[in-house]
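In what follows, a single structure is set out as structure tokens and then discussed.
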There are 2 protein chains.
Amino acid sequence: MNLKSLAQHLGISASTVSRVMAGRGDEFRIAKETQKHILDEAATMGVRPDELARSLRLQSTRTLGLVIPDISNPFFAALARAVERRARALGYTVLLADSQESSEVEAECIRMLLDRRIDGLILAPVGGDSAHLRPLIDSRLPLTQVDRVFAALKTAAVVADNFAGAREAVRRLVKLGHKRIACLQGREDSSVIAERVRGYRAGLSEAGLRFEKKFLAGGEHSIAIAREHTLKLLETRSRPTAILALSNQLALGALEAVRERGLVIPDDLSLIAFDEQPWASLLSPPLTTLAQPVEDMGTVAVDRLCAQIKPGAKASRKALTKLPVRLIERASIGPRKKD
Amino acid sequence: MNLKSLAQHLGISASTVSRVMAGRGDEFRIAKETQKHILDEAATMGVRPDELARSLRLQSTRTLGLVIPDISNPFFAALARAVERRARALGYTVLLADSQESSEVEAECIRMLLDRRIDGLILAPVGGDSAHLRPLIDSRLPLTQVDRVFAALKTAAVVADNFAGAREAVRRLVKLGHKRIACLQGREDSSVIAERVRGYRAGLSEAGLRFEKKFLAGGEHSIAIAREHTLKLLETRSRPTAILALSNQLALGALEAVRERGLVIPDDLSLIAFDEQPWASLLSPPLTTLAQPVEDMGTVAVDRLCAQIKPGAKASRKALTKLPVRLIERASIGPRKKD
DNA sequence: GTGAAAGCGCTAACAT
DNA sequence: ATGTTAGCGCTTTCAC
């Protein structure tokens, strides 16, 4: 059932039906009576305009694409939720694609979304190389990067203040007397990790502590790898008295290692982790976290994207929005014990 | 840039270009040379067929819809991931919609997906009433329900064996000597919860234990509510010595309550929870869980859906696929102490 | 106030 | 081996 057959059924033209169904009956001064007729019949017959045909004709889909590296990571799940909610509020639908932490899959996702003529794209890139994003940039599709971003791409971007967050965590640990503070990182080629490491180093430097290479461990976004690296970290002769884990996944790996080694938090080791999670406060002891403003990140990303989509949009909305990170202090950190 | 202009540019007809771009050049015995021409030029000019126009013409979008109640629930996030992966492998794209645990939003999501002419829908209904699904059923769109299902709807469906899982948990607790076993439930009008409660009662009954209403607590899928109900549960004079939490969210609420009351697991209380999570093994003590085969559920749901989409599909693929739940025993359960 | 006709970009039936 | 034509369902310009 489509508009045309509905029109035939009612003995009027498709144009009129189309106009009324688009809610523009008054605008075209179509008789109230005719309007009511159409609307009533459409409702009872369950006729709704075909979005596909509509989009083809209008060359606009009212659809946004969202590409994230891993929907099973709670941070991205929360981000997706926020994006979806905001987009819905603005009348957009979201096409979600999971790049599975792979640039190849990411490229494929983007191609697919482009084929579907999305009106704009929110992208949390996997990281590493950005060569595969060239066609996207060239397509001039409205684009906002979020979380992980390639600064060189000069697109609108929304990130957490990863630098300040990491630095604050280190400051807090320094204040507690820690001098050997390790950092457990993820993929080094991700902007998020790079910024957090920068903040970590800045925190050390402020306190007059030397950055030690052996205290910068990790390199993968995986619980298993994080566990291994932490085990190694805890083996070193003068082992760290505090660890800053740069994501919730990494924190889980670190916690496994700590448990295996039989160490006690915070007596033997203080721990701070990025990403607030429902289970953080339930660990023994409760985990100190750096809460990212994930809800805001999603909302702002949609807003910044839609600002580009609007007809009169300036081409030059390239600014980077940086949102604050909040330290939630719990019992997983404590004063450095003599050692 | 589209096929037509590419055709003009090359001085050949649009049909030929279309046929070659669809990878059917040989089938139509188009000269190898012509094919190469077209493909090369398309590649360098970055021309790709418009999926919108293609879908309109073919009346098929190669798109599946997936509606889940809450993407920020790790169970559904994992499910979405599995569905996406499988669909991609079969050449489908997934449109994901989050119904935000609301039947109204669910109805809206479904309408939106229907408007976009998806080829099939995987639905994890919010639960409660199914009246709003009538138009969906009437549309005769290939449909598979997953996780939560309305049995009355007679569609293909994929669920975990919630009954057996809950029963096994109770059996295990009974074997440890527990007699006062409570159950912390979510929305009672969800088929998942109903089945788990049924399993809980079956487990009690098998052991000759009486079902006590006051030991069946909860009624909402929320950490905060679960905490409150658990607090009440632990206040009762002869309080339970074991609790079965029917989801990971509910377990988190229960754990908060236990911590607040200053009780020790498993000495004062044994705890088993549905849903395996990365943090379950890191709690003190590690949490005994009932792992759902979420990966399989997603995969099978896609397969069952695609079986309906295939041209020669039987209209009558209404069976319910039930996948096994696995008990992962950890230190959060122990023998009943004298009390 | 309403209708007829053209066209969005594609593919398939029917030419040759 | 390739081209011509019609039409998927919609919106919009132009006409009355």
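In the structure tokens, the first chain shown is A, the next is B, and so on; residue numbers restart at 1 for each chain, and ligands run from 1 in the order shown.
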
Write out as a tab-separated table a residue-level contact list of chain C versus chain B with cut-off 9 Å: for each qualifying residue the closest pair of atoms and the distance in Å to one decimal, counting only C-alpha atoms (C1' of nucleotides), rows sorted by chain and residue number upward.
```
residue	atom	partner	partner_atom	distance
C:DC8	C1'	B:Ala53	CA	8.1
C:DG9	C1'	B:Ala53	CA	5.1
C:DC10	C1'	B:Arg54	CA	5.0
C:DT11	C1'	B:Arg57	CA	6.6
```

Kindly assemble as CSV a list of the chain B residues that lie within 8 Å of chain A, each paired with its nearest atom pair and their distance in Å to one decimal, using only C-alpha atoms, sorted first by chain and then by ascending residue number.
```
residue,atom,partner,partner_atom,distance
B:Arg48,CA,A:Asp115,CA,7.1
B:Pro49,CA,A:Asp115,CA,7.2
B:Asp50,CA,A:Asp115,CA,5.7
B:Glu51,CA,A:Arg116,CA,5.4
B:Leu52,CA,A:Arg116,CA,6.0
B:Ala53,CA,A:Leu56,CA,6.3
B:Ser55,CA,A:Leu52,CA,7.5
B:Leu56,CA,A:Leu52,CA,6.2
B:Ile71,CA,A:Ala77,CA,6.0
B:Ser72,CA,A:Ala77,CA,5.2
B:Pro74,CA,A:Ser72,CA,6.6
B:Ala77,CA,A:Ser72,CA,5.2
B:Ala78,CA,A:Ser72,CA,5.4
B:Ala80,CA,A:Ile71,CA,7.8
B:Arg81,CA,A:Ile71,CA,6.5
B:Glu84,CA,A:Asp98,CA,7.7
B:Val94,CA,A:Leu96,CA,7.6
B:Leu95,CA,A:Leu95,CA,5.6
B:Leu96,CA,A:Leu96,CA,6.2
B:Ala97,CA,A:Val94,CA,7.8
B:Asp98,CA,A:Arg81,CA,7.5
B:Asp115,CA,A:Glu51,CA,5.4
B:Arg116,CA,A:Glu51,CA,5.4
B:Arg117,CA,A:Leu52,CA,7.4
B:Leu252,CA,A:Trp279,CA,6.8
B:Leu255,CA,A:Leu282,CA,7.0
B:Glu256,CA,A:Leu282,CA,6.7
B:Arg259,CA,A:Leu282,CA,8.0
B:Pro278,CA,A:Leu252,CA,7.4
B:Trp279,CA,A:Leu252,CA,6.8
B:Leu282,CA,A:Glu256,CA,6.7
B:Leu283,CA,A:Leu283,CA,5.4
B:Ser284,CA,A:Ser284,CA,6.1
```

Please report as a Markdown table every residue of chain D lying within 12 Å of chain A, along with the nearest atom pair and their distance in Å (one decimal), using only C-alpha atoms (C1' of nucleotides).
```
| residue | atom | partner | partner_atom | distance |
| --- | --- | --- | --- | --- |
| D:DC8 | C1' | A:Ala53 | CA | 8.1 |
| D:DG9 | C1' | A:Ala53 | CA | 5.1 |
| D:DC10 | C1' | A:Arg54 | CA | 5.0 |
| D:DT11 | C1' | A:Arg57 | CA | 6.5 |
| D:DT12 | C1' | A:Ser15 | CA | 8.7 |
| D:DT13 | C1' | A:Ser15 | CA | 11.5 |
```

Self-check item: Polymer residues at most 7 Å from DG1 in chain C, only C-alpha atoms (C1' of nucleotides), same-chain spacing of 2 or more positions, as JSON, numbers by chain
Solution: {"A": [29, 30, 31]}

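Within range 108-273 of chain B, residues classed as strand (DSSP E) by DSSP on backbone coordinates are Gly120, Leu121, Ile122, Leu123, Leu143, Thr144, Gln145, Val146, Ala156, Ala157, Val158, Val159, Ala160, Ile181, Ala182, Cys183, Leu184, Gln185, Leu216, Ala217, Gly218, Ala242, Ile243, Leu244, Ala245, Ser270, Leu271, Ile272 and Ala273 of chain B.
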
Practice problem: Tell me, as a list of chain:residue names, which residues lie within 12 Å of Arg187 in chain B, counting only C-alpha atoms (C1' of nucleotides); anything in the same chain fewer than 4 positions away does not count. | Solution: B:Glu101, B:Val126, B:Gly127, B:Gly128, B:Arg148, B:Ser191, B:Val192, B:Ile193, B:Ala194, B:Glu195, B:Arg196, B:Val197, B:Ala217, B:Gly218, B:Gly219, B:Glu220, B:His221, B:Ser222, B:Ile225, B:Ala226, B:Leu246, B:Ser247, B:Leu250

Would you output that residue set with all heavy atoms, as a compact mmCIF listing (two decimals), in the first residue's frame?
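And here's part_35.txt as it stands now:
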```txt
# COMPACT_ATOMS: atom_id res chain seq x y z
N GLU B 101 13.61 0.58 26.86
CA GLU B 101 12.72 -0.11 27.80
C GLU B 101 11.31 0.46 27.77
O GLU B 101 10.61 0.43 28.79
CB GLU B 101 13.27 -0.06 29.23
CG GLU B 101 14.58 -0.84 29.44
CD GLU B 101 14.38 -2.35 29.56
OE1 GLU B 101 13.25 -2.84 29.35
OE2 GLU B 101 15.38 -3.03 29.86
N VAL B 126 10.29 -5.24 24.68
CA VAL B 126 10.38 -4.72 26.04
C VAL B 126 9.61 -5.64 26.99
O VAL B 126 10.04 -5.89 28.11
CB VAL B 126 9.78 -3.30 26.10
CG1 VAL B 126 9.60 -2.86 27.53
CG2 VAL B 126 10.69 -2.35 25.34
N GLY B 127 8.48 -6.14 26.50
CA GLY B 127 7.67 -7.01 27.35
C GLY B 127 6.37 -6.34 27.73
O GLY B 127 6.05 -5.28 27.21
N GLY B 128 5.63 -6.96 28.63
CA GLY B 128 4.35 -6.40 29.03
C GLY B 128 3.31 -6.71 27.98
O GLY B 128 3.01 -7.86 27.71
N ARG B 148 13.74 -11.89 25.11
CA ARG B 148 12.38 -11.76 25.61
C ARG B 148 11.45 -12.05 24.43
O ARG B 148 11.65 -11.50 23.36
CB ARG B 148 12.11 -10.35 26.10
CG ARG B 148 13.18 -9.83 27.03
CD ARG B 148 12.79 -8.48 27.56
NE ARG B 148 13.89 -7.88 28.29
CZ ARG B 148 13.90 -6.62 28.72
NH1 ARG B 148 12.85 -5.85 28.47
NH2 ARG B 148 14.91 -6.14 29.39
N SER B 191 9.14 -12.22 29.53
CA SER B 191 9.14 -13.69 29.43
C SER B 191 10.40 -14.27 30.03
O SER B 191 10.38 -15.36 30.61
CB SER B 191 9.04 -14.10 27.96
OG SER B 191 10.22 -13.74 27.27
N VAL B 192 11.50 -13.54 29.92
CA VAL B 192 12.76 -14.03 30.46
C VAL B 192 12.65 -14.20 31.97
O VAL B 192 12.99 -15.26 32.52
CB VAL B 192 13.90 -13.04 30.15
CG1 VAL B 192 15.15 -13.42 30.90
CG2 VAL B 192 14.16 -13.01 28.65
N ILE B 193 12.16 -13.16 32.61
CA ILE B 193 12.02 -13.21 34.07
C ILE B 193 11.02 -14.29 34.45
O ILE B 193 11.26 -15.08 35.38
CB ILE B 193 11.57 -11.83 34.60
CG1 ILE B 193 12.68 -10.80 34.35
CG2 ILE B 193 11.23 -11.91 36.07
CD1 ILE B 193 14.00 -11.11 35.03
N ALA B 194 9.93 -14.35 33.73
CA ALA B 194 8.90 -15.35 34.05
C ALA B 194 9.49 -16.76 34.01
O ALA B 194 9.27 -17.57 34.91
CB ALA B 194 7.74 -15.24 33.08
N GLU B 195 10.27 -17.04 32.98
CA GLU B 195 10.87 -18.37 32.85
C GLU B 195 11.87 -18.65 33.97
O GLU B 195 11.94 -19.75 34.50
CB GLU B 195 11.60 -18.47 31.50
CG GLU B 195 10.70 -18.82 30.35
CD GLU B 195 10.05 -20.16 30.52
OE1 GLU B 195 10.75 -21.17 30.40
OE2 GLU B 195 8.84 -20.20 30.84
N ARG B 196 12.62 -17.64 34.31
CA ARG B 196 13.62 -17.83 35.38
C ARG B 196 12.93 -18.05 36.71
O ARG B 196 13.38 -18.88 37.51
CB ARG B 196 14.57 -16.62 35.42
CG ARG B 196 15.47 -16.58 34.22
CD ARG B 196 16.41 -15.38 34.17
NE ARG B 196 17.08 -15.34 32.86
CZ ARG B 196 17.86 -14.35 32.43
NH1 ARG B 196 18.08 -13.29 33.19
NH2 ARG B 196 18.42 -14.43 31.23
N VAL B 197 11.88 -17.32 36.94
CA VAL B 197 11.14 -17.51 38.19
C VAL B 197 10.54 -18.91 38.22
O VAL B 197 10.56 -19.59 39.25
CB VAL B 197 10.05 -16.43 38.35
CG1 VAL B 197 9.12 -16.78 39.51
CG2 VAL B 197 10.68 -15.06 38.57
N ALA B 217 11.65 -11.13 45.38
CA ALA B 217 11.71 -9.67 45.50
C ALA B 217 12.00 -9.03 44.15
O ALA B 217 12.27 -9.69 43.17
CB ALA B 217 12.79 -9.29 46.50
N GLY B 218 11.95 -7.70 44.13
CA GLY B 218 12.31 -6.96 42.91
C GLY B 218 11.12 -6.67 42.03
O GLY B 218 9.98 -6.66 42.49
N GLY B 219 11.36 -6.42 40.77
CA GLY B 219 10.28 -6.09 39.85
C GLY B 219 10.67 -5.01 38.85
O GLY B 219 9.89 -4.61 38.02
N GLU B 220 11.93 -4.58 38.90
CA GLU B 220 12.40 -3.58 37.95
C GLU B 220 13.82 -3.91 37.51
O GLU B 220 14.61 -4.45 38.28
CB GLU B 220 12.42 -2.19 38.59
CG GLU B 220 11.06 -1.52 38.66
CD GLU B 220 10.52 -1.16 37.30
OE1 GLU B 220 11.32 -0.93 36.39
OE2 GLU B 220 9.29 -1.14 37.16
N HIS B 221 14.16 -3.55 36.28
CA HIS B 221 15.53 -3.77 35.78
C HIS B 221 16.42 -2.60 36.15
O HIS B 221 16.92 -1.89 35.28
CB HIS B 221 15.52 -3.84 34.25
CG HIS B 221 14.94 -5.10 33.72
ND1 HIS B 221 15.44 -6.33 34.04
CD2 HIS B 221 13.92 -5.33 32.89
CE1 HIS B 221 14.75 -7.25 33.42
NE2 HIS B 221 13.80 -6.67 32.72
N SER B 222 16.63 -2.37 37.41
CA SER B 222 17.45 -1.21 37.76
C SER B 222 18.28 -1.53 38.98
O SER B 222 17.83 -2.20 39.92
CB SER B 222 16.57 0.00 37.99
OG SER B 222 16.69 0.48 39.31
N ILE B 225 16.75 0.01 42.29
CA ILE B 225 15.59 -0.70 42.81
C ILE B 225 16.01 -2.06 43.38
O ILE B 225 15.54 -2.49 44.44
CB ILE B 225 14.54 -0.93 41.70
CG1 ILE B 225 14.19 0.38 41.00
CG2 ILE B 225 13.30 -1.60 42.26
CD1 ILE B 225 13.17 1.22 41.66
N ALA B 226 16.92 -2.71 42.68
CA ALA B 226 17.39 -4.02 43.15
C ALA B 226 18.04 -3.88 44.52
O ALA B 226 17.86 -4.72 45.40
CB ALA B 226 18.38 -4.60 42.15
N LEU B 246 18.44 -12.37 39.03
CA LEU B 246 18.06 -12.80 37.69
C LEU B 246 18.68 -11.99 36.53
O LEU B 246 18.29 -12.16 35.38
CB LEU B 246 16.54 -12.82 37.56
CG LEU B 246 15.83 -13.82 38.49
CD1 LEU B 246 14.37 -13.97 38.12
CD2 LEU B 246 16.53 -15.17 38.48
N SER B 247 19.62 -11.10 36.84
CA SER B 247 20.37 -10.42 35.77
C SER B 247 21.60 -9.77 36.36
O SER B 247 21.72 -9.64 37.58
CB SER B 247 19.53 -9.36 35.08
OG SER B 247 19.56 -8.15 35.80
N LEU B 250 20.70 -6.63 38.32
CA LEU B 250 20.11 -6.95 39.62
C LEU B 250 21.20 -7.39 40.59
O LEU B 250 21.17 -7.05 41.78
CB LEU B 250 19.06 -8.03 39.45
CG LEU B 250 17.88 -7.62 38.56
CD1 LEU B 250 17.01 -8.82 38.20
CD2 LEU B 250 17.03 -6.55 39.25
```

Exercise. Give me the residues within 12 Å of DA15 in chain D as a list in words, counting only C-alpha atoms (C1' of nucleotides) and dropping any in the same chain fewer than 3 places off.
Key: DT2, DG3, DA4 and DA5 of chain C

Only all heavy atoms, please: the residues just picked out, written as a PDB file, in the first residue's frame.
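Generated file (part_37.pdb):
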```pdb
ATOM      1  P    DT C   2      -8.820  20.383  -2.544  1.00  0.00           P
ATOM      2  OP1  DT C   2     -10.021  19.545  -2.532  1.00  0.00           O
ATOM      3  OP2  DT C   2      -7.834  20.327  -1.473  1.00  0.00           O
ATOM      4  O5'  DT C   2      -8.095  20.126  -3.926  1.00  0.00           O
ATOM      5  C5'  DT C   2      -8.901  19.793  -5.053  1.00  0.00           C
ATOM      6  C4'  DT C   2      -8.009  19.630  -6.241  1.00  0.00           C
ATOM      7  O4'  DT C   2      -7.074  20.700  -6.342  1.00  0.00           O
ATOM      8  C3'  DT C   2      -7.168  18.359  -6.228  1.00  0.00           C
ATOM      9  O3'  DT C   2      -7.802  17.457  -7.110  1.00  0.00           O
ATOM     10  C2'  DT C   2      -5.797  18.808  -6.733  1.00  0.00           C
ATOM     11  C1'  DT C   2      -6.042  20.247  -7.165  1.00  0.00           C
ATOM     12  N1   DT C   2      -4.912  21.206  -7.019  1.00  0.00           N
ATOM     13  C2   DT C   2      -4.271  21.636  -8.154  1.00  0.00           C
ATOM     14  O2   DT C   2      -4.576  21.274  -9.273  1.00  0.00           O
ATOM     15  N3   DT C   2      -3.246  22.532  -7.928  1.00  0.00           N
ATOM     16  C4   DT C   2      -2.831  23.013  -6.700  1.00  0.00           C
ATOM     17  O4   DT C   2      -1.911  23.809  -6.621  1.00  0.00           O
ATOM     18  C5   DT C   2      -3.551  22.524  -5.558  1.00  0.00           C
ATOM     19  C7   DT C   2      -3.192  22.981  -4.182  1.00  0.00           C
ATOM     20  C6   DT C   2      -4.552  21.640  -5.762  1.00  0.00           C
ATOM     21  P    DG C   3      -7.185  16.029  -7.373  1.00  0.00           P
ATOM     22  OP1  DG C   3      -8.310  15.101  -7.653  1.00  0.00           O
ATOM     23  OP2  DG C   3      -6.216  15.743  -6.295  1.00  0.00           O
ATOM     24  O5'  DG C   3      -6.398  16.250  -8.737  1.00  0.00           O
ATOM     25  C5'  DG C   3      -7.071  16.918  -9.789  1.00  0.00           C
ATOM     26  C4'  DG C   3      -6.166  17.007 -11.006  1.00  0.00           C
ATOM     27  O4'  DG C   3      -5.193  18.069 -10.793  1.00  0.00           O
ATOM     28  C3'  DG C   3      -5.342  15.739 -11.274  1.00  0.00           C
ATOM     29  O3'  DG C   3      -5.321  15.550 -12.685  1.00  0.00           O
ATOM     30  C2'  DG C   3      -3.976  16.078 -10.735  1.00  0.00           C
ATOM     31  C1'  DG C   3      -3.894  17.580 -11.005  1.00  0.00           C
ATOM     32  N9   DG C   3      -3.024  18.312 -10.095  1.00  0.00           N
ATOM     33  C8   DG C   3      -3.083  18.299  -8.729  1.00  0.00           C
ATOM     34  N7   DG C   3      -2.193  19.085  -8.179  1.00  0.00           N
ATOM     35  C5   DG C   3      -1.504  19.642  -9.244  1.00  0.00           C
ATOM     36  C6   DG C   3      -0.429  20.568  -9.254  1.00  0.00           C
ATOM     37  O6   DG C   3       0.139  21.091  -8.303  1.00  0.00           O
ATOM     38  N1   DG C   3      -0.022  20.866 -10.562  1.00  0.00           N
ATOM     39  C2   DG C   3      -0.601  20.331 -11.703  1.00  0.00           C
ATOM     40  N2   DG C   3      -0.070  20.731 -12.856  1.00  0.00           N
ATOM     41  N3   DG C   3      -1.603  19.479 -11.693  1.00  0.00           N
ATOM     42  C4   DG C   3      -2.010  19.167 -10.428  1.00  0.00           C
ATOM     43  P    DA C   4      -4.856  14.204 -13.335  1.00  0.00           P
ATOM     44  OP1  DA C   4      -6.041  13.496 -13.827  1.00  0.00           O
ATOM     45  OP2  DA C   4      -3.953  13.544 -12.364  1.00  0.00           O
ATOM     46  O5'  DA C   4      -3.970  14.675 -14.573  1.00  0.00           O
ATOM     47  C5'  DA C   4      -3.803  16.071 -14.882  1.00  0.00           C
ATOM     48  C4'  DA C   4      -2.585  16.251 -15.774  1.00  0.00           C
ATOM     49  O4'  DA C   4      -1.554  16.947 -15.021  1.00  0.00           O
ATOM     50  C3'  DA C   4      -1.926  14.969 -16.256  1.00  0.00           C
ATOM     51  O3'  DA C   4      -1.279  15.289 -17.484  1.00  0.00           O
ATOM     52  C2'  DA C   4      -0.964  14.652 -15.124  1.00  0.00           C
ATOM     53  C1'  DA C   4      -0.483  16.060 -14.723  1.00  0.00           C
ATOM     54  N9   DA C   4      -0.186  16.222 -13.300  1.00  0.00           N
ATOM     55  C8   DA C   4      -0.800  15.605 -12.243  1.00  0.00           C
ATOM     56  N7   DA C   4      -0.330  15.985 -11.075  1.00  0.00           N
ATOM     57  C5   DA C   4       0.642  16.912 -11.397  1.00  0.00           C
ATOM     58  C6   DA C   4       1.499  17.679 -10.601  1.00  0.00           C
ATOM     59  N6   DA C   4       1.514  17.636  -9.265  1.00  0.00           N
ATOM     60  N1   DA C   4       2.368  18.513 -11.239  1.00  0.00           N
ATOM     61  C2   DA C   4       2.348  18.561 -12.574  1.00  0.00           C
ATOM     62  N3   DA C   4       1.574  17.884 -13.425  1.00  0.00           N
ATOM     63  C4   DA C   4       0.740  17.070 -12.754  1.00  0.00           C
ATOM     64  P    DA C   5      -0.340  14.230 -18.233  1.00  0.00           P
ATOM     65  OP1  DA C   5      -0.447  14.583 -19.671  1.00  0.00           O
ATOM     66  OP2  DA C   5      -0.605  12.849 -17.768  1.00  0.00           O
ATOM     67  O5'  DA C   5       1.102  14.683 -17.715  1.00  0.00           O
ATOM     68  C5'  DA C   5       1.478  16.058 -17.805  1.00  0.00           C
ATOM     69  C4'  DA C   5       2.971  16.192 -17.539  1.00  0.00           C
ATOM     70  O4'  DA C   5       3.201  16.253 -16.114  1.00  0.00           O
ATOM     71  C3'  DA C   5       3.814  15.008 -18.030  1.00  0.00           C
ATOM     72  O3'  DA C   5       5.091  15.525 -18.349  1.00  0.00           O
ATOM     73  C2'  DA C   5       3.868  14.103 -16.821  1.00  0.00           C
ATOM     74  C1'  DA C   5       4.009  15.147 -15.708  1.00  0.00           C
ATOM     75  N9   DA C   5       3.543  14.730 -14.393  1.00  0.00           N
ATOM     76  C8   DA C   5       2.615  13.772 -14.069  1.00  0.00           C
ATOM     77  N7   DA C   5       2.403  13.642 -12.786  1.00  0.00           N
ATOM     78  C5   DA C   5       3.238  14.595 -12.226  1.00  0.00           C
ATOM     79  C6   DA C   5       3.486  14.973 -10.901  1.00  0.00           C
ATOM     80  N6   DA C   5       2.866  14.404  -9.851  1.00  0.00           N
ATOM     81  N1   DA C   5       4.390  15.957 -10.675  1.00  0.00           N
ATOM     82  C2   DA C   5       5.003  16.520 -11.720  1.00  0.00           C
ATOM     83  N3   DA C   5       4.850  16.258 -13.028  1.00  0.00           N
ATOM     84  C4   DA C   5       3.955  15.272 -13.196  1.00  0.00           C
TER      85       DA C   5
END
```

Based on DSSP run over this structure's backbone, return all residues of range 113-171 of chain A in alpha helix (DSSP H), as a compact mmCIF listing (two decimals) with C-alpha atoms, in the first residue's frame.
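Below is the file that was written, out.txt:
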```
# COMPACT_ATOMS: atom_id res chain seq x y z
CA LEU A 113 27.02 4.26 5.05
CA LEU A 114 28.05 6.46 2.16
CA ASP A 115 26.20 4.18 -0.25
CA ARG A 134 40.56 10.05 2.46
CA PRO A 135 37.48 9.20 0.31
CA LEU A 136 35.29 10.20 3.22
CA ILE A 137 36.93 13.59 3.57
CA ASP A 138 36.82 14.09 -0.18
CA SER A 139 33.13 13.30 -0.24
CA ASN A 162 42.09 13.17 28.50
CA PHE A 163 45.23 15.13 29.16
CA ALA A 164 43.85 16.97 32.20
CA GLY A 165 42.20 13.80 33.52
CA ALA A 166 45.38 11.76 33.50
CA ARG A 167 47.37 14.62 34.94
CA GLU A 168 44.92 15.06 37.77
CA ALA A 169 45.10 11.38 38.60
CA VAL A 170 48.87 11.56 38.80
CA ARG A 171 48.69 14.70 40.90
```

Exercise. Considering only C-alpha atoms (C1' of nucleotides), return as a VMD selection string whatever protein or nucleic-acid residues lie within 7 Å of Phe274 in chain A, sequence-local ones (same chain, fewer than 6 positions apart) excluded.
Key: chain A and resid 245 to 248 289 to 291

Output N, CA, C and O atoms for every residue in the selection just made, as an mmCIF file, in the first residue's frame.
```cif
data_model
loop_
_atom_site.group_PDB
_atom_site.id
_atom_site.type_symbol
_atom_site.label_atom_id
_atom_site.label_comp_id
_atom_site.auth_asym_id
_atom_site.auth_seq_id
_atom_site.Cartn_x
_atom_site.Cartn_y
_atom_site.Cartn_z
ATOM 1 N N ALA A 245 45.471 3.096 35.130
ATOM 2 C CA ALA A 245 45.022 2.290 33.982
ATOM 3 C C ALA A 245 44.202 3.186 33.065
ATOM 4 O O ALA A 245 43.261 3.847 33.508
ATOM 5 N N LEU A 246 44.530 3.189 31.787
ATOM 6 C CA LEU A 246 43.941 4.178 30.880
ATOM 7 C C LEU A 246 42.581 3.802 30.287
ATOM 8 O O LEU A 246 42.086 4.484 29.400
ATOM 9 N N SER A 247 41.976 2.711 30.750
ATOM 10 C CA SER A 247 40.599 2.412 30.348
ATOM 11 C C SER A 247 40.021 1.372 31.293
ATOM 12 O O SER A 247 40.753 0.738 32.053
ATOM 13 N N ASN A 248 38.726 1.163 31.207
ATOM 14 C CA ASN A 248 38.100 0.184 32.096
ATOM 15 C C ASN A 248 38.554 -1.233 31.777
ATOM 16 O O ASN A 248 38.758 -2.045 32.667
ATOM 17 N N THR A 289 38.035 6.147 39.996
ATOM 18 C CA THR A 289 37.916 6.230 38.533
ATOM 19 C C THR A 289 37.949 7.667 38.030
ATOM 20 O O THR A 289 37.738 8.613 38.794
ATOM 21 N N LEU A 290 38.188 7.791 36.751
ATOM 22 C CA LEU A 290 38.083 9.068 36.057
ATOM 23 C C LEU A 290 36.868 8.964 35.145
ATOM 24 O O LEU A 290 36.890 8.266 34.130
ATOM 25 N N ALA A 291 35.809 9.649 35.535
ATOM 26 C CA ALA A 291 34.554 9.529 34.785
ATOM 27 C C ALA A 291 34.573 10.434 33.567
ATOM 28 O O ALA A 291 34.773 11.639 33.673
#
```

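One finds CA of Ala124 in chain B at 26.8 Å from CA of Leu123 in chain A.
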
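Residue nearest Ala156 in chain B within the list B:Gly25, B:Pro142, B:Gly177, B:Gly65: B:Pro142 [criterion: smallest interatomic distance, only C-alpha atoms].
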
Quiz item: Could you pull the residues within 10 Å of range 320-329 of chain A, counting only C-alpha atoms (C1' of nucleotides), minus those fewer than 3 positions along the same chain, as a PyMOL selection string?
Solution: chain A and resi 144-147+149+151+154-166+168-169+172+272-276+281+286-294+296-297+300-301+304+317+332-333
